[in-house]
$ cat my_file.txt   # compact mmCIF, C-alpha atoms and all ligand atoms
# COMPACT_ATOMS: atom_id res chain seq x y z
CA MET A 1 -0.74 -82.00 79.51
CA THR A 2 -3.44 -80.17 77.74
CA LEU A 3 -4.10 -80.81 74.12
CA ILE A 4 -5.14 -77.82 72.12
CA LEU A 5 -7.19 -78.60 69.07
CA LYS A 6 -7.52 -75.91 66.47
CA GLN A 7 -10.77 -75.87 64.57
CA LYS A 8 -11.69 -73.43 61.90
CA ARG A 9 -15.02 -71.83 62.38
CA ARG A 10 -17.12 -72.11 59.30
CA ILE A 11 -19.96 -69.77 58.54
CA ARG A 12 -22.67 -71.17 56.34
CA ARG A 13 -25.42 -69.04 54.89
CA VAL A 14 -28.79 -70.69 55.19
CA GLU A 15 -31.71 -69.40 53.12
CA VAL A 16 -34.58 -68.85 55.50
CA GLU A 17 -38.06 -68.39 54.00
CA ARG A 18 -39.61 -65.51 55.83
CA ALA A 19 -43.31 -64.88 55.60
CA PRO A 20 -44.27 -61.52 54.11
CA ARG A 21 -45.26 -58.87 56.65
CA LEU A 22 -48.77 -57.85 55.78
CA GLY A 23 -50.43 -54.61 56.81
CA LEU A 24 -54.10 -54.23 57.63
CA ILE A 25 -56.44 -56.05 55.25
CA ARG A 26 -59.04 -53.56 54.06
CA PRO A 27 -62.20 -54.68 52.27
CA THR A 28 -62.99 -53.21 48.83
CA LYS A 29 -66.09 -53.48 46.62
CA LEU A 30 -64.67 -56.51 44.82
CA GLY A 31 -62.34 -58.06 47.40
CA PHE A 32 -59.63 -56.62 49.60
CA ARG A 33 -56.53 -54.46 49.60
CA VAL A 34 -53.40 -55.06 51.63
CA SER A 35 -49.94 -53.52 51.83
CA VAL A 36 -46.90 -55.74 52.21
CA ARG A 37 -43.55 -54.70 53.68
CA LEU A 38 -40.62 -55.70 51.48
CA HIS A 39 -37.79 -57.69 53.07
CA ASP A 40 -34.20 -56.57 52.52
CA GLY A 41 -33.21 -57.27 48.95
CA GLN A 42 -36.79 -57.50 47.65
CA THR A 43 -38.21 -55.17 45.01
CA PRO A 44 -41.79 -54.63 43.76
CA GLU A 45 -40.75 -56.70 40.70
CA ASP A 46 -40.46 -59.78 42.93
CA TYR A 47 -44.14 -59.42 43.77
CA ALA A 48 -45.21 -58.55 40.23
CA ARG A 49 -43.70 -61.89 39.09
CA VAL A 50 -45.69 -64.05 41.50
CA LEU A 51 -49.15 -62.45 41.48
CA ASP A 52 -50.65 -65.56 39.88
CA LYS A 53 -49.22 -67.76 42.60
CA LEU A 54 -50.54 -65.41 45.27
CA ALA A 55 -54.03 -65.56 43.73
CA HIS A 56 -53.99 -69.35 44.02
CA ALA A 57 -52.56 -69.27 47.54
CA TRP A 58 -55.24 -66.79 48.69
CA LYS A 59 -57.96 -68.60 46.67
CA VAL A 60 -59.09 -65.43 44.92
CA HIS A 61 -59.76 -64.64 41.27
CA SER A 62 -56.77 -62.34 40.81
CA VAL A 63 -54.20 -60.23 42.60
CA ARG A 64 -52.81 -56.98 41.20
CA LEU A 65 -49.95 -54.84 42.35
CA VAL A 66 -51.54 -51.41 42.30
CA SER A 67 -48.83 -49.20 43.79
CA TRP A 68 -45.55 -49.18 45.61
CA ARG A 69 -43.33 -46.87 47.60
CA PRO A 70 -39.88 -47.56 49.02
CA GLY A 71 -40.07 -50.70 51.15
CA LYS A 72 -43.76 -51.35 50.55
CA VAL A 73 -46.12 -52.65 47.86
CA THR A 74 -49.92 -52.50 47.81
CA LEU A 75 -51.81 -55.49 46.46
CA VAL A 76 -55.47 -55.67 45.52
CA ALA A 77 -57.23 -59.02 45.45
CA THR A 78 -60.45 -59.58 43.51
CA LEU A 79 -62.62 -62.41 44.83
CA SER A 80 -64.55 -63.12 41.63
CA ASP A 81 -64.18 -61.87 38.07
CA PRO A 82 -66.09 -58.57 37.67
CA LEU A 83 -66.02 -59.17 33.92
CA ASP A 84 -68.23 -62.29 34.09
CA ARG A 85 -71.20 -60.02 33.42
CA VAL A 86 -70.76 -56.44 32.21
CA SER A 87 -73.89 -54.40 32.59
CA ILE A 88 -72.92 -50.73 32.55
CA PRO A 89 -74.92 -48.64 30.09
CA VAL A 90 -73.05 -47.51 26.99
CA LEU A 91 -72.61 -43.84 27.64
CA SER A 92 -71.52 -40.92 25.59
CA ASP A 93 -69.30 -39.57 28.29
CA GLY A 94 -68.39 -36.17 26.85
CA LEU A 95 -67.40 -35.18 23.32
CA LEU A 96 -65.46 -38.01 21.61
CA ARG A 97 -65.55 -40.08 24.77
CA VAL A 98 -67.50 -43.35 25.03
CA ARG A 99 -67.71 -45.76 27.95
CA VAL A 100 -67.17 -49.00 26.10
CA GLY A 101 -66.75 -51.50 28.91
CA LEU A 102 -65.61 -52.42 32.36
CA LEU A 103 -62.08 -52.91 33.69
CA ASP A 104 -61.13 -55.76 35.99
CA THR A 105 -60.81 -53.14 38.70
CA GLY A 106 -64.57 -52.66 38.47
CA THR A 107 -64.32 -49.17 36.95
CA PRO A 108 -65.71 -48.25 33.53
CA PHE A 109 -63.29 -48.06 30.62
CA ALA A 110 -63.75 -45.22 28.15
CA ILE A 111 -62.31 -44.69 24.71
CA ASP A 112 -61.53 -41.00 24.80
CA PHE A 113 -60.28 -39.83 21.41
CA ARG A 114 -59.24 -36.43 22.73
CA ALA A 115 -56.97 -38.02 25.35
CA VAL A 116 -55.73 -40.88 23.13
CA PRO A 117 -56.43 -39.96 19.50
CA HIS A 118 -55.60 -43.20 17.68
CA TRP A 119 -56.38 -46.80 18.63
CA LEU A 120 -55.28 -50.22 17.42
CA ASN A 121 -57.70 -53.07 18.07
CA VAL A 122 -56.60 -56.61 17.26
CA GLY A 123 -58.43 -59.87 17.79
CA ALA A 124 -59.04 -63.28 16.25
CA THR A 125 -62.35 -64.08 14.64
CA GLN A 126 -65.21 -64.15 17.20
CA SER A 127 -63.11 -62.34 19.80
CA GLY A 128 -65.37 -59.28 20.04
CA LYS A 129 -64.00 -56.69 17.59
CA SER A 130 -67.32 -56.03 15.87
CA ASN A 131 -69.04 -55.73 19.22
CA LEU A 132 -66.60 -52.99 20.21
CA ALA A 133 -67.31 -51.18 16.94
CA ASN A 134 -71.05 -51.47 17.72
CA VAL A 135 -70.45 -49.90 21.14
CA LEU A 136 -68.59 -47.01 19.55
CA ILE A 137 -71.33 -46.45 16.97
CA VAL A 138 -73.96 -46.33 19.73
CA GLY A 139 -71.81 -43.99 21.82
CA LEU A 140 -70.72 -41.64 19.04
CA ALA A 141 -73.95 -41.53 16.99
CA PRO A 142 -75.66 -38.90 19.21
CA GLN A 143 -72.55 -36.68 19.28
CA PRO A 144 -71.62 -33.83 16.90
CA VAL A 145 -69.03 -36.04 15.24
CA ALA A 146 -68.56 -37.27 11.67
CA LEU A 147 -68.00 -41.00 11.20
CA VAL A 148 -66.05 -42.47 8.29
CA GLY A 149 -65.76 -46.20 7.58
CA PHE A 150 -63.16 -48.27 5.77
CA ASP A 151 -64.53 -51.76 5.41
CA LEU A 152 -62.48 -54.09 3.28
CA LYS A 153 -64.79 -56.99 4.12
CA GLY A 154 -66.86 -55.78 1.19
CA GLY A 155 -68.89 -53.49 3.42
CA VAL A 156 -70.57 -56.20 5.50
CA GLU A 157 -69.26 -54.73 8.73
CA PHE A 158 -70.28 -51.07 8.42
CA THR A 159 -73.04 -50.96 5.79
CA PRO A 160 -75.75 -51.38 8.48
CA TYR A 161 -74.52 -48.11 10.03
CA GLN A 162 -74.19 -46.22 6.76
CA ALA A 163 -77.02 -43.84 7.70
CA ARG A 164 -74.75 -42.29 10.35
CA MET A 165 -71.57 -42.42 8.24
CA SER A 166 -70.45 -39.50 6.15
CA ALA A 167 -68.40 -41.79 3.90
CA LEU A 168 -67.81 -45.51 3.56
CA ALA A 169 -65.13 -47.14 1.39
CA THR A 170 -65.30 -50.86 0.67
CA GLU A 171 -62.68 -51.30 -2.08
CA ARG A 172 -59.01 -50.43 -1.83
CA ALA A 173 -59.18 -47.91 -4.68
CA GLU A 174 -62.05 -46.14 -2.87
CA CYS A 175 -60.00 -46.23 0.34
CA ALA A 176 -57.07 -44.52 -1.40
CA GLU A 177 -59.39 -41.72 -2.59
CA LEU A 178 -61.11 -41.32 0.76
CA LEU A 179 -57.74 -41.15 2.54
CA ALA A 180 -56.62 -38.49 0.07
CA ASP A 181 -59.79 -36.52 0.88
CA LEU A 182 -58.99 -36.79 4.57
CA ILE A 183 -55.49 -35.42 3.95
CA GLY A 184 -57.12 -32.59 2.02
CA ILE A 185 -59.30 -31.90 5.07
CA ILE A 186 -56.20 -31.89 7.31
CA LYS A 187 -54.52 -29.38 5.00
CA SER A 188 -57.49 -27.03 5.01
CA ARG A 189 -57.73 -27.28 8.82
CA MET A 190 -54.00 -26.53 9.02
CA ALA A 191 -54.62 -23.36 7.02
CA LEU A 192 -57.51 -22.46 9.34
CA CYS A 193 -55.32 -22.93 12.42
CA ARG A 194 -52.52 -20.91 10.83
CA ALA A 195 -54.92 -18.09 10.05
CA HIS A 196 -56.03 -17.97 13.71
CA ARG A 197 -52.48 -18.56 15.04
CA VAL A 198 -53.48 -21.67 16.97
CA LYS A 199 -51.88 -25.09 17.04
CA ASN A 200 -55.01 -27.22 17.00
CA ILE A 201 -58.72 -26.99 16.33
CA TRP A 202 -59.58 -27.18 20.04
CA HIS A 203 -57.74 -23.98 20.95
CA PRO A 204 -60.06 -21.49 22.73
CA ARG A 205 -58.84 -18.70 20.43
CA LEU A 206 -60.52 -20.44 17.49
CA PRO A 207 -64.09 -19.05 17.36
CA GLU A 208 -66.71 -21.71 18.05
CA SER A 209 -68.36 -20.95 14.70
CA ALA A 210 -65.09 -21.74 12.88
CA ARG A 211 -64.30 -24.94 14.78
CA PRO A 212 -64.50 -27.87 12.34
CA MET A 213 -66.38 -31.03 13.20
CA PRO A 214 -64.20 -33.87 14.54
CA ILE A 215 -64.00 -36.97 12.34
CA VAL A 216 -63.66 -40.51 13.71
CA VAL A 217 -62.28 -42.94 11.13
CA LEU A 218 -63.12 -46.60 11.71
CA VAL A 219 -60.95 -49.05 9.76
CA ASP A 220 -61.93 -52.72 9.71
CA GLU A 221 -59.56 -55.51 8.65
CA VAL A 222 -56.51 -53.31 8.14
CA ALA A 223 -54.39 -56.17 6.69
CA GLU A 224 -56.58 -56.08 3.57
CA LEU A 225 -55.28 -52.59 2.87
CA PHE A 226 -51.71 -53.88 2.75
CA LEU A 227 -51.94 -57.36 1.20
CA MET A 228 -51.35 -57.76 -2.53
CA ALA A 229 -52.57 -60.59 -4.72
CA ASP A 230 -50.75 -59.16 -7.74
CA PRO A 231 -47.82 -57.00 -6.61
CA LYS A 232 -47.22 -55.64 -10.12
CA SER A 233 -50.58 -53.98 -10.45
CA GLU A 234 -51.33 -53.33 -6.79
CA LYS A 235 -48.02 -52.13 -5.40
CA GLU A 236 -48.62 -48.48 -6.18
CA GLU A 237 -52.12 -48.46 -4.75
CA VAL A 238 -51.00 -50.20 -1.54
CA ALA A 239 -48.10 -47.76 -1.17
CA ALA A 240 -50.49 -44.82 -1.59
CA VAL A 241 -52.92 -46.21 0.99
CA ALA A 242 -50.11 -46.97 3.48
CA THR A 243 -48.49 -43.55 3.24
CA ARG A 244 -51.80 -41.69 3.41
CA LEU A 245 -52.96 -43.64 6.45
CA LEU A 246 -49.65 -42.93 8.14
CA ARG A 247 -49.86 -39.22 7.36
CA ILE A 248 -53.34 -39.05 8.83
CA ALA A 249 -52.09 -40.84 11.96
CA GLN A 250 -49.17 -38.43 12.25
CA LEU A 251 -51.04 -35.21 11.57
CA GLY A 252 -54.69 -35.92 12.32
CA ARG A 253 -54.73 -35.42 16.07
CA ALA A 254 -54.32 -31.64 16.09
CA PHE A 255 -56.87 -31.26 13.31
CA GLY A 256 -59.65 -33.37 14.79
CA ILE A 257 -59.18 -36.60 12.85
CA TYR A 258 -59.07 -39.73 14.97
CA LEU A 259 -58.44 -43.35 14.04
CA LYS A 260 -59.61 -46.71 15.32
CA ILE A 261 -57.86 -49.38 13.30
CA CYS A 262 -58.97 -52.95 13.64
CA GLY A 263 -57.62 -56.27 12.40
CA GLN A 264 -57.41 -60.00 13.00
CA ARG A 265 -53.74 -60.11 12.25
CA VAL A 266 -51.37 -57.18 12.29
CA GLY A 267 -47.76 -58.22 11.77
CA SER A 268 -44.56 -56.63 10.58
CA ASP A 269 -44.73 -58.96 7.54
CA LEU A 270 -47.41 -56.62 6.16
CA GLY A 271 -44.64 -54.10 5.58
CA PRO A 272 -42.79 -51.27 7.28
CA GLY A 273 -45.84 -49.05 6.73
CA VAL A 274 -47.73 -51.15 9.30
CA THR A 275 -44.94 -50.93 11.88
CA ALA A 276 -44.69 -47.16 11.39
CA LEU A 277 -48.46 -46.85 11.66
CA ARG A 278 -48.53 -48.88 14.85
CA ALA A 279 -46.13 -46.45 16.52
CA GLN A 280 -48.75 -43.71 16.06
CA LEU A 281 -51.60 -45.76 17.51
CA THR A 282 -51.01 -45.32 21.21
CA GLY A 283 -54.33 -46.71 22.39
CA ARG A 284 -54.20 -50.50 22.26
CA ILE A 285 -56.98 -53.06 22.61
CA CYS A 286 -55.92 -56.67 22.25
CA HIS A 287 -58.75 -59.21 22.20
CA MET A 288 -57.98 -62.92 22.10
CA VAL A 289 -55.51 -63.49 19.24
CA ASN A 290 -54.28 -66.59 17.42
CA ASP A 291 -50.67 -65.60 16.89
CA ASP A 292 -48.11 -64.20 19.24
CA GLU A 293 -46.84 -61.65 16.76
CA THR A 294 -50.17 -59.87 16.60
CA ALA A 295 -50.29 -59.68 20.39
CA LYS A 296 -46.74 -58.37 20.38
CA MET A 297 -47.66 -55.79 17.74
CA ALA A 298 -50.49 -54.61 19.96
CA LEU A 299 -48.89 -54.83 23.38
CA GLY A 300 -45.29 -55.96 23.13
CA ASP A 301 -43.65 -52.57 23.31
CA MET A 302 -45.63 -51.65 26.41
CA ASP A 303 -45.33 -54.28 29.11
CA ALA A 304 -44.35 -57.98 29.17
CA GLY A 305 -47.10 -58.71 31.72
CA ALA A 306 -49.74 -57.49 29.27
CA LEU A 307 -48.66 -60.13 26.74
CA VAL A 308 -49.00 -62.92 29.27
CA ALA A 309 -52.48 -61.65 30.21
CA ALA A 310 -53.48 -61.52 26.52
CA ARG A 311 -52.54 -65.18 26.07
CA GLN A 312 -54.81 -66.08 28.98
CA ILE A 313 -58.00 -64.56 27.50
CA SER A 314 -60.59 -67.29 27.34
CA PRO A 315 -62.67 -67.85 24.17
CA ALA A 316 -65.59 -68.38 26.54
CA MET A 317 -65.54 -64.65 27.36
CA PRO A 318 -65.79 -62.82 24.00
CA GLY A 319 -65.34 -59.08 24.27
CA THR A 320 -62.54 -59.47 26.82
CA ALA A 321 -59.33 -57.65 25.91
CA ILE A 322 -56.15 -56.27 27.33
CA VAL A 323 -56.22 -52.49 27.01
CA ILE A 324 -53.62 -49.78 27.27
CA GLY A 325 -54.97 -46.28 27.44
CA SER A 326 -53.91 -42.84 28.49
CA GLU A 327 -51.90 -43.64 31.61
CA GLY A 328 -49.92 -46.34 29.79
CA ARG A 329 -50.83 -49.15 32.22
CA TRP A 330 -52.55 -52.31 31.03
CA HIS A 331 -55.83 -53.74 32.29
CA ARG A 332 -58.24 -56.53 31.46
CA MET A 333 -61.41 -55.06 30.00
CA ARG A 334 -64.66 -56.49 28.72
CA SER A 335 -66.86 -54.51 26.40
CA VAL A 336 -70.55 -53.95 26.95
CA HIS A 337 -72.57 -56.28 24.76
CA VAL A 338 -74.22 -54.29 21.96
CA THR A 339 -75.88 -56.15 19.10
CA GLU A 340 -75.68 -55.15 15.47
CA GLU A 341 -79.42 -54.37 15.61
CA GLN A 342 -78.92 -51.93 18.50
CA ALA A 343 -76.06 -50.20 16.69
CA GLU A 344 -78.09 -50.05 13.47
CA ALA A 345 -81.03 -48.55 15.36
CA ALA A 346 -78.76 -45.89 16.90
CA ALA A 347 -77.31 -45.07 13.47
CA ALA A 348 -80.82 -44.68 12.03
CA GLU A 349 -82.06 -42.61 15.02
CA TYR A 350 -79.24 -40.09 14.70
CA ALA A 351 -78.91 -40.17 10.91
CA HIS A 352 -80.00 -36.51 10.82
CA LEU A 353 -76.73 -35.56 12.58
CA THR A 354 -74.60 -36.98 9.75
CA PRO A 355 -72.70 -34.24 7.91
CA SER A 356 -72.39 -34.84 4.19
CA TRP A 357 -68.97 -35.65 2.78
CA ALA A 358 -69.33 -32.69 0.44
CA ASP A 359 -69.74 -30.39 3.48
CA LEU A 360 -66.75 -31.88 5.24
CA THR A 361 -64.45 -31.62 2.24
CA ARG A 362 -65.60 -28.17 1.10
CA GLY A 363 -62.49 -26.08 0.47
CA ALA A 364 -60.28 -29.06 1.23
CA GLY A 365 -58.81 -29.60 -2.22
CA SER A 366 -59.15 -32.81 -4.22
CA ALA A 367 -57.52 -36.22 -4.09
CA GLY A 368 -55.26 -35.18 -6.94
CA ASP A 369 -53.57 -32.56 -4.74
CA VAL A 370 -52.07 -35.19 -2.45
CA ASP A 371 -48.35 -35.73 -2.87
CA ASP A 372 -47.43 -39.19 -1.60
CA SER A 373 -43.77 -38.85 -2.49
CA GLU A 374 -43.11 -37.11 0.82
CA MET A 375 -43.21 -40.53 2.47
CA ASP A 376 -41.41 -42.66 -0.08
CA GLU A 377 -39.17 -44.22 2.55
CA PHE A 378 -41.97 -46.60 3.57
CA THR A 379 -41.81 -49.10 0.74
CA ILE A 380 -44.27 -51.93 0.67
CA PRO A 381 -42.88 -55.48 0.19
CA ASP A 382 -43.99 -57.77 -2.63
CA LEU A 383 -46.29 -60.58 -1.63
CA GLU A 384 -43.62 -63.15 -2.63
CA ASP A 385 -41.27 -61.64 -0.07
CA LEU A 386 -43.66 -62.25 2.78
CA PRO A 387 -42.99 -65.20 5.08
CA VAL A 388 -45.60 -67.92 4.59
N1 LIG B 401 -68.64 -58.01 25.44
C1 LIG B 401 -69.32 -59.06 25.03
N2 LIG B 401 -70.18 -59.68 25.87
C2 LIG B 401 -70.90 -60.76 25.47
N3 LIG B 401 -70.81 -61.29 24.23
C3 LIG B 401 -69.99 -60.73 23.36
C4 LIG B 401 -69.19 -59.58 23.71
N4 LIG B 401 -68.46 -59.22 22.62
C5 LIG B 401 -68.78 -60.10 21.66
N5 LIG B 401 -69.69 -61.00 22.08
C6 LIG B 401 -70.27 -62.08 21.29
O1 LIG B 401 -69.22 -62.86 20.75
C7 LIG B 401 -69.47 -63.20 19.39
C8 LIG B 401 -68.32 -62.70 18.52
O2 LIG B 401 -68.25 -61.29 18.62
P1 LIG B 401 -67.86 -60.36 17.39
O3 LIG B 401 -68.73 -60.63 16.21
O4 LIG B 401 -67.81 -58.98 17.90
O5 LIG B 401 -66.40 -60.92 17.10
P2 LIG B 401 -65.40 -60.48 15.92
O6 LIG B 401 -64.06 -60.45 16.53
O7 LIG B 401 -65.87 -59.24 15.25
O8 LIG B 401 -65.53 -61.71 14.96
P3 LIG B 401 -65.34 -61.71 13.35
O9 LIG B 401 -63.94 -61.23 13.09
O10 LIG B 401 -65.55 -63.14 13.02
O11 LIG B 401 -66.39 -60.79 12.80
C9 LIG B 401 -70.82 -62.59 19.05
O12 LIG B 401 -71.80 -63.58 19.17
C10 LIG B 401 -71.02 -61.52 20.09
O13 LIG B 401 -72.38 -61.32 20.38

$ encode --input "my_file.txt" --output "structure tokens" --more "lines below"
Ligand SMILES: Nc1ncnc2c1ncn2[C@@H]1O[C@H](COP(=O)(O)OP(=O)(O)OP(=O)(O)O)[C@@H](O)[C@H]1O
Amino acid sequence: MTLILKQKRRIRRVEVERAPRLGLIRPTKLGFRVSVRLHDGQTPEDYARVLDKLAHAWKVHSVRLVSWRPGKVTLVATLSDPLDRVSIPVLSDGLLRVRVGLLDTGTPFAIDFRAVPHWLNVGATQSGKSNLANVLIVGLAPQPVALVGFDLKGGVEFTPYQARMSALATERAECAELLADLIGIIKSRMALCRAHRVKNIWHPRLPESARPMPIVVLVDEVAELFLMADPKSEKEEVAAVATRLLRIAQLGRAFGIYLKICGQRVGSDLGPGVTALRAQLTGRICHMVNDDETAKMALGDMDAGALVAARQISPAMPGTAIVIGSEGRWHRMRSVHVTEEQAEAAAAEYAHLTPSWADLTRGAGSAGDVDDSEMDEFTIPDLEDLPV
């Protein structure tokens, strides 16, 4: 007699770790480049998440995912940090374009106001913000550009460069007036563009002789413009400053007015005016910061990876920042080291190129013509309402 035993076949899935399939390893100036074939079910995201681990496994300084196409990602490994020593010359690299530093890819990083008109630069104390301003002064001083400073640190930041500045405001009341002047300039440039049926001052139909000079506005310590010690007396002034700055950010680009706004701390607690302003500042430079909210204000709406990289900036490498420029991707960048003395010398050397404020505002109307009520929806909170 034969005994028939019935046994159910069981299938068990076993996770098998499969090594990635690497393509040819090609040397680059700073390390190597390799493409990796994705296994079934993998996406480029899976690699983006573990780049740090790969860097440790390969014993290199960093690994970046530089591109992907279906089924494949390309990784670039850097053997040592190219930002340890940055020695490119500061170069005026075309009108309104300054090479300010080096990217971790080894290529120069330029602030190009015509490509990205407005910039937000945040950073804790000693993180390298002033150095970046020095670089810009050196790069812009020889160019046919007007420079305007807002320095709420009582002028200590920009006074050394005053020779090359067409206007410098150091008190909030002065800032409000100067911003009103800038809006007057925008209005007169609007009229000029209308008269020539062009949409911006760079249009080739605008005769060269009529083209107005571009103005780069440097704002230091932006929080000081928004904070109020006595809300009763200061509320109106702060509201005026906030709305004017926002209008310039919204309208300035087409009319040759560009902003670089700088601060240690830029948070939504400073008021809705700051959040609205931030949306207009598409260029972002985030040095080492002390609070997460400031990093989020600078980078948070761009890419989660950028935030992580910002937290990893070492205080031992001042001038290092996470930057987001024209193509919207983030990079580590370190600025060229430029001392205050070098920037001051450049400002003095090119002082003769400084247009007077009277020349710039000629025909632009006065501060009294500015109607702030158009932007009343951005109310500024009282100091007591701010979280401590
Ligand atoms: N790219 C750089 N390379 C080398 N050193 C740098 C660089 N950037 C800044 N430093 C140095 O780091 C120090 C702090 O820089 P900086 O004064 O620019 O910081 P900061 O953010 O403006 O500080 P604070 O807000 O206190 O004025 C300075 O001694 C400066 O020389």

$ residues_near_ligand --input "my_file.txt" --ligand "ligand LIG 401 (chain B)" --cutoff "10 Å" --atoms "only C-alpha atoms and all ligand atoms" --output "PyMOL selection string"
chain A and resi 83-87+100-102+121-135+153+156-157+220-221+262-264+287-289+315-321+333-340

$ residues_around --input "my_file.txt" --residues "region 77-80 of chain A" --least-positions-apart "3" --cutoff "8 Å" --atoms "all atoms listed in the file" --output "PDB file with C-alpha atoms, in the frame of the given file"
ATOM      1  CA  LEU A  30     -64.670 -56.510  44.820  1.00  0.00           C
ATOM      2  CA  GLY A  31     -62.340 -58.060  47.400  1.00  0.00           C
ATOM      3  CA  PHE A  32     -59.630 -56.620  49.600  1.00  0.00           C
ATOM      4  CA  ARG A  33     -56.530 -54.460  49.600  1.00  0.00           C
ATOM      5  CA  ALA A  55     -54.030 -65.560  43.730  1.00  0.00           C
ATOM      6  CA  LYS A  59     -57.960 -68.600  46.670  1.00  0.00           C
ATOM      7  CA  VAL A  60     -59.090 -65.430  44.920  1.00  0.00           C
ATOM      8  CA  HIS A  61     -59.760 -64.640  41.270  1.00  0.00           C
ATOM      9  CA  SER A  62     -56.770 -62.340  40.810  1.00  0.00           C
ATOM     10  CA  VAL A  63     -54.200 -60.230  42.600  1.00  0.00           C
ATOM     11  CA  ARG A  64     -52.810 -56.980  41.200  1.00  0.00           C
TER      12      ARG A  64
END

$ residues_around --input "my_file.txt" --residues "Ile215 (chain A)" --least-positions-apart "3" --cutoff "8 Å" --atoms "only C-alpha atoms" --output "list in words"
Val145, Ala146, Leu147, Val148, Gly256, Ile257 and Tyr258 of chain A

$ atom_distance --input "my_file.txt" --atom1 "CA of Leu192 (chain A)" --atom2 "CA of Gln143 (chain A)"
23.0 Å

$ closest_residue --input "my_file.txt" --among "A:Leu281, A:Ile111, A:Leu360, A:Lys199" --to "Val90 (chain A)" --atoms "all atoms listed in the file"
A:Ile111

$ atom_distance --input "my_file.txt" --atom1 "CA of Arg164 (chain A)" --atom2 "CA of Ala141 (chain A)"
6.7 Å

$ atom_distance --input "my_file.txt" --atom1 "CA of Leu277 (chain A)" --atom2 "CA of Ala306 (chain A)"
20.6 Å

$ closest_residue --input "my_file.txt" --among "A:Arg99, A:Arg10, A:Arg278, A:Lys296" --to "Phe113 (chain A)" --atoms "all atoms listed in the file"
A:Arg99

$ residues_around --input "my_file.txt" --residues "Val238 (chain A)" --least-positions-apart "3" --cutoff "9 Å" --atoms "all atoms listed in the file" --output "ChimeraX atom specification"
/A:172,176,225-228,234-235,241-243,380

$ closest_residue --input "my_file.txt" --among "A:Arg197, A:Val50, A:Leu38, A:Phe150" --to "Gln162 (chain A)" --atoms "all atoms listed in the file"
A:Phe150

$ closest_residue --input "my_file.txt" --among "A:Gly155, A:Gly139, A:Gly149, A:Pro44" --to "Leu178 (chain A)" --atoms "all atoms listed in the file"
A:Gly149

$ closest_residue --input "my_file.txt" --among "A:Asp40, A:Asp52, A:Asp151, A:Glu17" --to "Ile261 (chain A)" --atoms "all atoms listed in the file"
A:Asp151

$ closest_residue --input "my_file.txt" --among "A:Ala347, A:Ile25, A:Cys193, A:Ile183" --to "Leu251 (chain A)" --atoms "all atoms listed in the file"
A:Ile183

$ decode --input "my_file.txt" --residues "region 267-300 of chain A" --atoms "C-alpha atoms" --output "CSV table (one decimal), in the first residue's frame"
chain,number,residue,atom,x,y,z
A,267,GLY,CA,11.5,84.4,10.3
A,268,SER,CA,7.8,84.6,9.6
A,269,ASP,CA,7.5,86.1,13.2
A,270,LEU,CA,8.8,89.4,11.7
A,271,GLY,CA,5.4,89.7,9.9
A,272,PRO,CA,3.6,88.7,6.7
A,273,GLY,CA,5.6,91.4,4.9
A,274,VAL,CA,8.7,89.3,5.3
A,275,THR,CA,7.1,86.2,4.0
A,276,ALA,CA,5.7,88.0,1.0
A,277,LEU,CA,9.1,89.6,0.4
A,278,ARG,CA,10.9,86.3,0.6
A,279,ALA,CA,8.7,84.9,-2.2
A,280,GLN,CA,10.2,87.6,-4.5
A,281,LEU,CA,13.8,86.8,-3.6
A,282,THR,CA,14.5,83.8,-5.8
A,283,GLY,CA,18.2,83.8,-5.3
A,284,ARG,CA,19.0,82.2,-2.0
A,285,ILE,CA,22.3,82.1,-0.1
A,286,CYS,CA,22.2,80.4,3.3
A,287,HIS,CA,25.4,80.6,5.4
A,288,MET,CA,25.6,78.8,8.7
A,289,VAL,CA,22.5,79.7,10.7
A,290,ASN,CA,21.6,79.3,14.4
A,291,ASP,CA,17.9,78.5,14.0
A,292,ASP,CA,16.1,76.1,11.8
A,293,GLU,CA,13.4,78.6,10.8
A,294,THR,CA,15.8,81.0,9.2
A,295,ALA,CA,17.3,78.1,7.1
A,296,LYS,CA,13.7,77.1,6.2
A,297,MET,CA,12.9,80.7,5.2
A,298,ALA,CA,16.0,80.7,2.9
A,299,LEU,CA,15.8,77.2,1.5
A,300,GLY,CA,12.8,75.3,2.8
